[in-house]
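Chemist: entry_12.csv (CSV, C-alpha atoms) pasted underneath:
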```
chain,number,residue,atom,x,y,z
A,158,MET,CA,-5.6,-2.9,-32.2
A,159,SER,CA,-7.8,-1.7,-29.4
A,160,SER,CA,-9.9,-4.2,-27.5
A,161,ASN,CA,-12.4,-1.5,-26.2
A,162,PHE,CA,-12.9,-3.4,-23.0
A,163,PRO,CA,-12.8,-1.4,-19.7
A,164,GLN,CA,-10.0,-1.8,-17.1
A,165,GLY,CA,-10.7,-3.9,-14.1
A,166,TYR,CA,-13.5,-6.4,-13.7
A,167,PHE,CA,-16.8,-6.4,-15.6
A,168,TYR,CA,-20.0,-8.4,-16.4
A,169,ILE,CA,-20.8,-9.3,-20.0
A,170,LYS,CA,-24.6,-9.0,-20.3
A,171,SER,CA,-26.8,-10.3,-23.2
A,172,ARG,CA,-29.0,-7.7,-24.9
A,173,GLN,CA,-31.3,-10.5,-25.8
A,174,ASN,CA,-32.3,-11.6,-22.3
A,175,GLY,CA,-30.3,-9.6,-19.7
A,176,PHE,CA,-28.4,-12.7,-18.6
A,177,VAL,CA,-24.7,-12.5,-18.1
A,178,LEU,CA,-21.8,-14.7,-19.2
A,179,ASP,CA,-21.1,-17.3,-16.5
A,180,VAL,CA,-18.4,-19.9,-16.1
A,181,PHE,CA,-20.5,-23.0,-15.5
A,182,ASP,CA,-20.3,-24.2,-11.9
A,183,GLY,CA,-17.2,-22.0,-11.4
A,184,GLY,CA,-15.1,-24.6,-13.2
A,185,MET,CA,-11.5,-23.8,-14.1
A,186,SER,CA,-10.5,-26.5,-16.5
A,187,ASN,CA,-9.8,-25.7,-20.2
A,188,ASP,CA,-13.0,-27.4,-21.4
A,189,THR,CA,-15.4,-25.7,-18.9
A,190,GLN,CA,-18.6,-24.4,-20.6
A,191,ILE,CA,-19.5,-20.8,-20.7
A,192,ILE,CA,-23.2,-20.2,-20.4
A,193,VAL,CA,-25.7,-17.3,-19.8
A,194,TYR,CA,-27.2,-17.1,-16.3
A,195,PRO,CA,-29.0,-14.5,-14.2
A,196,GLN,CA,-26.7,-11.8,-12.9
A,197,LYS,CA,-25.4,-12.4,-9.3
A,198,TYR,CA,-24.3,-9.6,-7.0
A,199,ASN,CA,-23.0,-11.9,-4.2
A,200,ASP,CA,-20.5,-14.8,-4.8
A,201,ALA,CA,-20.2,-13.6,-8.4
A,202,SER,CA,-16.6,-14.4,-9.1
A,203,ASN,CA,-17.5,-16.8,-11.9
A,204,GLN,CA,-19.4,-14.0,-13.7
A,205,LEU,CA,-16.6,-11.4,-13.5
A,206,TRP,CA,-14.3,-10.8,-16.4
A,207,SER,CA,-11.1,-8.8,-17.1
A,208,TYR,CA,-9.2,-8.2,-20.3
A,209,ASP,CA,-5.5,-9.3,-20.3
A,210,ASP,CA,-3.3,-9.3,-23.4
A,211,GLY,CA,-2.7,-12.9,-24.4
A,212,PHE,CA,-1.9,-15.0,-27.4
A,213,LEU,CA,-3.5,-13.6,-30.7
A,214,ASN,CA,-6.1,-16.4,-30.9
A,215,GLN,CA,-7.2,-15.6,-27.3
A,216,LYS,CA,-7.5,-11.8,-27.8
A,217,TRP,CA,-10.9,-10.3,-28.0
A,218,GLY,CA,-12.4,-7.1,-29.2
A,219,TYR,CA,-15.7,-5.3,-28.4
A,220,HIS,CA,-17.3,-3.2,-31.1
A,221,ASP,CA,-20.9,-2.3,-31.9
A,222,GLY,CA,-22.1,-4.7,-29.3
A,223,PHE,CA,-20.3,-7.7,-30.7
A,224,ILE,CA,-17.5,-9.5,-28.9
A,225,HIS,CA,-15.2,-10.9,-31.5
A,226,VAL,CA,-11.9,-12.7,-31.9
A,227,LEU,CA,-9.2,-10.1,-32.9
A,228,ALA,CA,-7.6,-12.7,-35.2
A,229,ASP,CA,-10.9,-13.0,-37.1
A,230,PRO,CA,-13.5,-10.4,-36.4
A,231,ARG,CA,-16.1,-12.4,-38.3
A,232,LEU,CA,-16.3,-14.8,-35.3
A,233,VAL,CA,-18.3,-13.5,-32.4
A,234,LEU,CA,-19.7,-14.8,-29.1
A,235,ASP,CA,-23.2,-16.2,-29.8
A,236,ILE,CA,-25.9,-17.7,-27.6
A,237,ARG,CA,-26.2,-21.1,-29.2
A,238,GLY,CA,-29.4,-21.5,-31.2
A,239,GLY,CA,-30.6,-18.0,-30.0
A,240,ILE,CA,-32.2,-19.8,-27.0
A,241,SER,CA,-33.3,-17.3,-24.5
A,242,LYS,CA,-33.1,-19.3,-21.2
A,243,GLU,CA,-30.7,-19.6,-18.4
A,244,GLY,CA,-28.0,-22.2,-18.9
A,245,SER,CA,-27.8,-21.7,-22.7
A,246,GLN,CA,-24.3,-22.4,-24.0
A,247,ILE,CA,-22.0,-19.7,-25.5
A,248,ILE,CA,-20.2,-20.5,-28.8
A,249,LEU,CA,-18.2,-18.8,-31.4
A,250,TYR,CA,-20.3,-18.2,-34.5
A,251,GLU,CA,-20.1,-16.2,-37.7
A,252,ARG,CA,-21.3,-12.6,-37.2
A,253,LYS,CA,-24.9,-12.1,-38.3
A,254,HIS,CA,-26.0,-8.8,-39.8
A,255,GLN,CA,-29.7,-9.3,-39.1
A,256,ASN,CA,-31.6,-11.0,-36.3
A,257,ASN,CA,-28.5,-10.9,-34.2
A,258,ALA,CA,-29.8,-10.2,-30.7
A,259,ASN,CA,-28.2,-13.4,-29.4
A,260,GLN,CA,-24.8,-12.0,-30.5
A,261,GLN,CA,-25.2,-8.5,-28.9
A,262,TRP,CA,-23.6,-7.8,-25.5
A,263,VAL,CA,-23.3,-5.0,-23.0
A,264,VAL,CA,-20.1,-4.7,-20.9
A,265,GLU,CA,-21.0,-3.5,-17.4
A,266,PRO,CA,-18.1,-2.5,-15.2
A,267,PHE,CA,-18.1,-4.3,-11.8
A,268,GLY,CA,-19.8,-2.1,-9.3
A,269,ASN,CA,-20.8,0.3,-12.2
A,270,ALA,CA,-17.6,2.1,-11.4
A,271,GLY,CA,-18.2,5.7,-10.1
A,272,GLY,CA,-17.0,4.8,-6.6
A,273,GLN,CA,-19.6,2.1,-6.0
A,274,TYR,CA,-16.9,-0.4,-5.1
A,275,ALA,CA,-17.2,0.9,-1.6
A,276,HIS,CA,-20.7,-0.6,-1.3
A,277,LEU,CA,-19.8,-4.1,-2.4
A,278,SER,CA,-19.4,-6.9,0.2
A,279,HIS,CA,-15.9,-8.1,1.0
A,280,GLU,CA,-17.1,-11.6,-0.1
A,281,ILE,CA,-17.5,-10.3,-3.7
A,282,ILE,CA,-14.1,-8.6,-3.7
A,283,ALA,CA,-12.4,-11.6,-2.1
A,284,GLY,CA,-14.0,-14.0,-4.6
A,285,ALA,CA,-12.9,-12.0,-7.6
A,286,ALA,CA,-9.3,-11.7,-6.2
A,287,ALA,CA,-9.2,-15.5,-5.4
A,288,PHE,CA,-10.4,-16.5,-8.8
A,289,GLU,CA,-7.8,-14.2,-10.5
A,290,ALA,CA,-5.1,-15.6,-8.2
A,291,VAL,CA,-5.7,-19.2,-9.0
A,292,ARG,CA,-5.9,-18.4,-12.7
A,293,ALA,CA,-2.7,-16.4,-12.6
A,294,TYR,CA,-0.9,-19.1,-10.7
A,295,ALA,CA,-2.0,-21.9,-13.0
A,296,ARG,CA,-1.0,-19.9,-16.1
A,297,HIS,CA,2.4,-19.1,-14.6
A,298,GLN,CA,3.1,-22.8,-13.8
A,299,GLN,CA,2.0,-23.9,-17.3
A,300,ASN,CA,4.2,-21.2,-19.0
A,301,GLU,CA,7.2,-22.4,-16.9
A,302,GLY,CA,6.5,-26.1,-17.8
A,303,LYS,CA,5.9,-26.9,-14.1
A,304,PRO,CA,3.1,-28.9,-12.5
A,305,ILE,CA,0.3,-26.9,-11.1
A,306,ALA,CA,0.1,-29.0,-7.9
A,307,HIS,CA,3.0,-28.3,-5.6
A,308,PRO,CA,3.6,-28.6,-1.8
A,309,HIS,CA,3.8,-24.8,-1.5
A,310,ALA,CA,1.1,-23.9,-4.0
A,311,LYS,CA,-1.5,-22.8,-1.5
A,312,GLU,CA,0.9,-20.3,0.1
A,313,ALA,CA,1.8,-18.9,-3.3
A,314,ILE,CA,-1.8,-18.6,-4.3
A,315,ALA,CA,-2.8,-16.9,-1.0
A,316,ALA,CA,0.0,-14.3,-1.6
A,317,ILE,CA,-1.2,-13.6,-5.1
A,318,ALA,CA,-4.8,-13.3,-3.9
A,319,SER,CA,-3.7,-10.7,-1.2
A,320,ALA,CA,-1.8,-8.7,-3.8
A,321,GLU,CA,-4.7,-8.8,-6.2
A,322,LEU,CA,-7.1,-7.6,-3.6
A,323,LEU,CA,-4.8,-4.7,-2.6
A,324,GLU,CA,-5.0,-3.5,-6.2
A,325,GLN,CA,-8.7,-2.7,-5.7
A,326,HIS,CA,-8.0,0.9,-4.8
A,327,ASN,CA,-11.6,2.1,-5.4
A,328,TRP,CA,-13.1,-0.3,-2.8
A,329,GLY,CA,-13.5,1.3,0.6
A,330,GLY,CA,-14.4,-1.8,2.7
A,331,ASP,CA,-12.4,-3.7,5.3
A,332,LYS,CA,-9.4,-4.8,3.4
A,333,GLU,CA,-7.9,-6.9,6.1
A,334,GLN,CA,-11.1,-8.9,6.4
A,335,ALA,CA,-11.3,-9.2,2.6
A,336,LYS,CA,-7.7,-10.1,2.4
A,337,LYS,CA,-8.2,-13.1,4.8
A,338,ALA,CA,-11.3,-14.1,2.9
A,339,ALA,CA,-9.5,-13.9,-0.5
A,340,GLU,CA,-6.6,-16.1,0.8
A,341,GLN,CA,-9.1,-18.7,2.1
A,342,ALA,CA,-11.2,-18.6,-1.1
A,343,ALA,CA,-8.1,-18.9,-3.3
A,344,GLN,CA,-6.9,-22.0,-1.3
A,345,ASN,CA,-10.4,-23.5,-1.6
A,346,TYR,CA,-10.5,-23.0,-5.4
A,347,TYR,CA,-7.1,-24.6,-5.7
A,348,THR,CA,-8.1,-27.6,-3.5
A,349,ARG,CA,-11.2,-28.1,-5.6
A,350,GLU,CA,-9.6,-27.8,-9.0
A,351,TYR,CA,-6.0,-29.1,-8.6
A,352,GLU,CA,-5.4,-31.2,-5.5
A,353,GLY,CA,-5.9,-34.4,-7.5
A,354,PHE,CA,-3.1,-33.4,-9.9
A,355,PRO,CA,0.4,-35.0,-9.6
A,356,SER,CA,2.7,-33.0,-7.4
A,357,VAL,CA,6.4,-32.6,-7.0
A,358,GLN,CA,8.2,-33.0,-3.7
```
Represent the supplied structure as structure tokens.
Modeler:
Amino acid sequence: MSSNFPQGYFYIKSRQNGFVLDVFDGGMSNDTQIIVYPQKYNDASNQLWSYDDGFLNQKWGYHDGFIHVLADPRLVLDIRGGISKEGSQIILYERKHQNNANQQWVVEPFGNAGGQYAHLSHEIIAGAAAFEAVRAYARHQQNEGKPIAHPHAKEAIAAIASAELLEQHNWGGDKEQAKKAAEQAAQNYYTREYEGFPSVQ
């Protein structure tokens, strides 16, 4: 079943108010809230999304403006209570056939595609790569049944961030500068989210 999401990173923008989906405070724990918030063009890594095949209950589809669970297309992303203000929570709710503006979304490719990656700052590119690196590392460790905190975790995450950044072929900025920024940002994300976890020696 097709997801209809674009490749690469994108914003998810509400048709009701023009706000975008935002990971509250850049959190990375499983219970972090998703909210709507004004779109950011700098330091926007907590508003950028990508589609990866995952478990069935974590797969999403995009059709007719609705973002729905592939396992049950009746359940869609919904701005809780239809409240049109920044910080409103996002929930799963049964699809409404009328008065459904709070369930309607526009997927906007990061940089609006068309070669505009070249005009984005290295901080944005680095932040997106860093966020993806920490997420990929944590997912790998969990799948392997290993602790997230590890003496060599920062080095591993920095390497993943570098590789992720080099995949941004459409971006024409200073990749060496962005690579260093991505490595540092990834290590900072890791420190903030996981350094308090138990580690193995």
Chemist: Please list as a VMD selection string every residue within 10 Å of Asn161 in chain A, counting all atoms listed in the file and excluding residues in the same chain fewer than 5 positions away.
Modeler: chain A and resid 208 217 to 220 224 264
Chemist: Using all atoms listed in the file, which protein or nucleic acid residues come within 9 Å of range 340-348 of chain A? Drop anything in the same chain fewer than 5 positions from it, and give the result as an mmCIF file with C-alpha atoms, in the coordinates of the input.
Modeler:
```cif
data_model
loop_
_atom_site.group_PDB
_atom_site.id
_atom_site.type_symbol
_atom_site.label_atom_id
_atom_site.label_comp_id
_atom_site.auth_asym_id
_atom_site.auth_seq_id
_atom_site.Cartn_x
_atom_site.Cartn_y
_atom_site.Cartn_z
ATOM 1 C CA MET A 185 -11.500 -23.800 -14.100
ATOM 2 C CA ALA A 283 -12.400 -11.600 -2.100
ATOM 3 C CA GLY A 284 -14.000 -14.000 -4.600
ATOM 4 C CA ALA A 286 -9.300 -11.700 -6.200
ATOM 5 C CA ALA A 287 -9.200 -15.500 -5.400
ATOM 6 C CA PHE A 288 -10.400 -16.500 -8.800
ATOM 7 C CA GLU A 289 -7.800 -14.200 -10.500
ATOM 8 C CA ALA A 290 -5.100 -15.600 -8.200
ATOM 9 C CA VAL A 291 -5.700 -19.200 -9.000
ATOM 10 C CA ALA A 306 0.100 -29.000 -7.900
ATOM 11 C CA ALA A 310 1.100 -23.900 -4.000
ATOM 12 C CA LYS A 311 -1.500 -22.800 -1.500
ATOM 13 C CA GLU A 312 0.900 -20.300 0.100
ATOM 14 C CA ILE A 314 -1.800 -18.600 -4.300
ATOM 15 C CA ALA A 315 -2.800 -16.900 -1.000
ATOM 16 C CA ALA A 316 0.000 -14.300 -1.600
ATOM 17 C CA ILE A 317 -1.200 -13.600 -5.100
ATOM 18 C CA ALA A 318 -4.800 -13.300 -3.900
ATOM 19 C CA SER A 319 -3.700 -10.700 -1.200
ATOM 20 C CA ALA A 335 -11.300 -9.200 2.600
ATOM 21 C CA GLY A 353 -5.900 -34.400 -7.500
#
```
Chemist: In Å, with one decimal, what is the gap from CA of Val226 in chain A to CA of Phe176 in chain A?
Modeler: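 Separation between CA of Val226 in chain A and CA of Phe176 in chain A: 21.2 Å.
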Chemist: With all atoms listed in the file as the basis for distance, which of A:Lys303, A:Asn174, A:Tyr351, A:Glu324 is at the shortest distance from Gly239 in chain A?
Modeler: A:Asn174
Chemist: For CA of Pro163 in chain A and CA of Ser207 in chain A, determine how far apart the two atoms are, in Å to one decimal place.
Modeler: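 Straight-line distance from CA of Pro163 in chain A to CA of Ser207 in chain A works out to 8.0 Å.
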Chemist: So which residues are close to (-16.3, -10.6, -32.3), meaning at most 10 Å away in the file's coordinates with only C-alpha atoms counted, and can you show them as a list in words?
Modeler: Lys216, Trp217, Gly218, Tyr219, His220, Asp221, Gly222, Phe223, Ile224, His225, Val226, Leu227, Ala228, Asp229, Pro230, Arg231, Leu232, Val233, Leu234, Asp235, Leu249, Tyr250, Glu251, Arg252, Gln260 and Gln261 of chain A
Chemist: Emit the selected residues as a PDB file, in the frame of the given file, including C-alpha atoms.
Modeler:
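Saved to selection_4.pdb:
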```
ATOM      1  CA  LYS A 216      -7.500 -11.800 -27.800  1.00  0.00           C
ATOM      2  CA  TRP A 217     -10.900 -10.300 -28.000  1.00  0.00           C
ATOM      3  CA  GLY A 218     -12.400  -7.100 -29.200  1.00  0.00           C
ATOM      4  CA  TYR A 219     -15.700  -5.300 -28.400  1.00  0.00           C
ATOM      5  CA  HIS A 220     -17.300  -3.200 -31.100  1.00  0.00           C
ATOM      6  CA  ASP A 221     -20.900  -2.300 -31.900  1.00  0.00           C
ATOM      7  CA  GLY A 222     -22.100  -4.700 -29.300  1.00  0.00           C
ATOM      8  CA  PHE A 223     -20.300  -7.700 -30.700  1.00  0.00           C
ATOM      9  CA  ILE A 224     -17.500  -9.500 -28.900  1.00  0.00           C
ATOM     10  CA  HIS A 225     -15.200 -10.900 -31.500  1.00  0.00           C
ATOM     11  CA  VAL A 226     -11.900 -12.700 -31.900  1.00  0.00           C
ATOM     12  CA  LEU A 227      -9.200 -10.100 -32.900  1.00  0.00           C
ATOM     13  CA  ALA A 228      -7.600 -12.700 -35.200  1.00  0.00           C
ATOM     14  CA  ASP A 229     -10.900 -13.000 -37.100  1.00  0.00           C
ATOM     15  CA  PRO A 230     -13.500 -10.400 -36.400  1.00  0.00           C
ATOM     16  CA  ARG A 231     -16.100 -12.400 -38.300  1.00  0.00           C
ATOM     17  CA  LEU A 232     -16.300 -14.800 -35.300  1.00  0.00           C
ATOM     18  CA  VAL A 233     -18.300 -13.500 -32.400  1.00  0.00           C
ATOM     19  CA  LEU A 234     -19.700 -14.800 -29.100  1.00  0.00           C
ATOM     20  CA  ASP A 235     -23.200 -16.200 -29.800  1.00  0.00           C
ATOM     21  CA  LEU A 249     -18.200 -18.800 -31.400  1.00  0.00           C
ATOM     22  CA  TYR A 250     -20.300 -18.200 -34.500  1.00  0.00           C
ATOM     23  CA  GLU A 251     -20.100 -16.200 -37.700  1.00  0.00           C
ATOM     24  CA  ARG A 252     -21.300 -12.600 -37.200  1.00  0.00           C
ATOM     25  CA  GLN A 260     -24.800 -12.000 -30.500  1.00  0.00           C
ATOM     26  CA  GLN A 261     -25.200  -8.500 -28.900  1.00  0.00           C
TER      27      GLN A 261
END
```
Chemist: Near Ile236 in chain A, counting all atoms listed in the file, which residues have an atom at most 7 Å away, once you skip same-chain residues fewer than 4 positions from it, shown as a ChimeraX atom specification?
Modeler: /A:240,245-248,259-260
Chemist: If you measure from CA of Val177 in chain A to CA of Ala338 in chain A, what distance in Å do you get, rounded to one decimal?
Modeler: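 Computing the Euclidean distance for CA of Val177 in chain A and CA of Ala338 in chain A yields 25.0 Å.
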Chemist: List the residues sitting within 7 Å of (-10.5, -6.7, -14.2) in the file's frame, using all atoms listed in the file, as a ChimeraX atom specification.
Modeler: /A:164-167,206-208
Chemist: Please determine, counting only C-alpha atoms, which residue among A:Leu205, A:Ala339, A:Leu322, A:Leu178 has the shortest atom-to-atom distance to Ile192 in chain A.
Modeler: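 Smallest separation from Ile192 in chain A among the options: A:Leu178.
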Chemist: How would range 166-179 of chain A read, as a PDB file, in the coordinates of the input, once N, CA and C atoms are built in?
Modeler:
```
ATOM      1  N   TYR A 166     -12.576  -5.367 -13.492  1.00  0.00           N
ATOM      2  CA  TYR A 166     -13.500  -6.400 -13.700  1.00  0.00           C
ATOM      3  C   TYR A 166     -14.855  -5.914 -14.238  1.00  0.00           C
ATOM      4  N   PHE A 167     -15.547  -6.771 -15.000  1.00  0.00           N
ATOM      5  CA  PHE A 167     -16.800  -6.400 -15.600  1.00  0.00           C
ATOM      6  C   PHE A 167     -17.697  -7.603 -15.838  1.00  0.00           C
ATOM      7  N   TYR A 168     -19.001  -7.364 -15.921  1.00  0.00           N
ATOM      8  CA  TYR A 168     -20.000  -8.400 -16.400  1.00  0.00           C
ATOM      9  C   TYR A 168     -20.108  -8.215 -17.897  1.00  0.00           C
ATOM     10  N   ILE A 169     -20.482  -9.300 -18.566  1.00  0.00           N
ATOM     11  CA  ILE A 169     -20.800  -9.300 -20.000  1.00  0.00           C
ATOM     12  C   ILE A 169     -22.281  -9.701 -20.086  1.00  0.00           C
ATOM     13  N   LYS A 170     -23.147  -8.743 -20.414  1.00  0.00           N
ATOM     14  CA  LYS A 170     -24.600  -9.000 -20.300  1.00  0.00           C
ATOM     15  C   LYS A 170     -25.205  -9.066 -21.738  1.00  0.00           C
ATOM     16  N   SER A 171     -26.073 -10.065 -21.913  1.00  0.00           N
ATOM     17  CA  SER A 171     -26.800 -10.300 -23.200  1.00  0.00           C
ATOM     18  C   SER A 171     -27.843  -9.204 -23.387  1.00  0.00           C
ATOM     19  N   ARG A 172     -27.870  -8.609 -24.571  1.00  0.00           N
ATOM     20  CA  ARG A 172     -29.000  -7.700 -24.900  1.00  0.00           C
ATOM     21  C   ARG A 172     -30.241  -8.437 -25.212  1.00  0.00           C
ATOM     22  N   GLN A 173     -30.129  -9.719 -25.497  1.00  0.00           N
ATOM     23  CA  GLN A 173     -31.300 -10.500 -25.800  1.00  0.00           C
ATOM     24  C   GLN A 173     -32.166 -10.782 -24.598  1.00  0.00           C
ATOM     25  N   ASN A 174     -31.520 -11.119 -23.474  1.00  0.00           N
ATOM     26  CA  ASN A 174     -32.300 -11.600 -22.300  1.00  0.00           C
ATOM     27  C   ASN A 174     -31.848 -11.000 -20.983  1.00  0.00           C
ATOM     28  N   GLY A 175     -30.785 -10.191 -20.974  1.00  0.00           N
ATOM     29  CA  GLY A 175     -30.300  -9.600 -19.700  1.00  0.00           C
ATOM     30  C   GLY A 175     -29.487 -10.529 -18.856  1.00  0.00           C
ATOM     31  N   PHE A 176     -29.306 -11.794 -19.282  1.00  0.00           N
ATOM     32  CA  PHE A 176     -28.400 -12.700 -18.600  1.00  0.00           C
ATOM     33  C   PHE A 176     -26.971 -12.323 -18.817  1.00  0.00           C
ATOM     34  N   VAL A 177     -26.072 -12.841 -17.985  1.00  0.00           N
ATOM     35  CA  VAL A 177     -24.700 -12.500 -18.100  1.00  0.00           C
ATOM     36  C   VAL A 177     -23.855 -13.799 -18.422  1.00  0.00           C
ATOM     37  N   LEU A 178     -22.661 -13.604 -18.997  1.00  0.00           N
ATOM     38  CA  LEU A 178     -21.800 -14.700 -19.200  1.00  0.00           C
ATOM     39  C   LEU A 178     -21.345 -15.298 -17.856  1.00  0.00           C
ATOM     40  N   ASP A 179     -21.339 -16.616 -17.751  1.00  0.00           N
ATOM     41  CA  ASP A 179     -21.100 -17.300 -16.500  1.00  0.00           C
ATOM     42  C   ASP A 179     -20.260 -18.537 -16.755  1.00  0.00           C
TER      43      ASP A 179
END
```
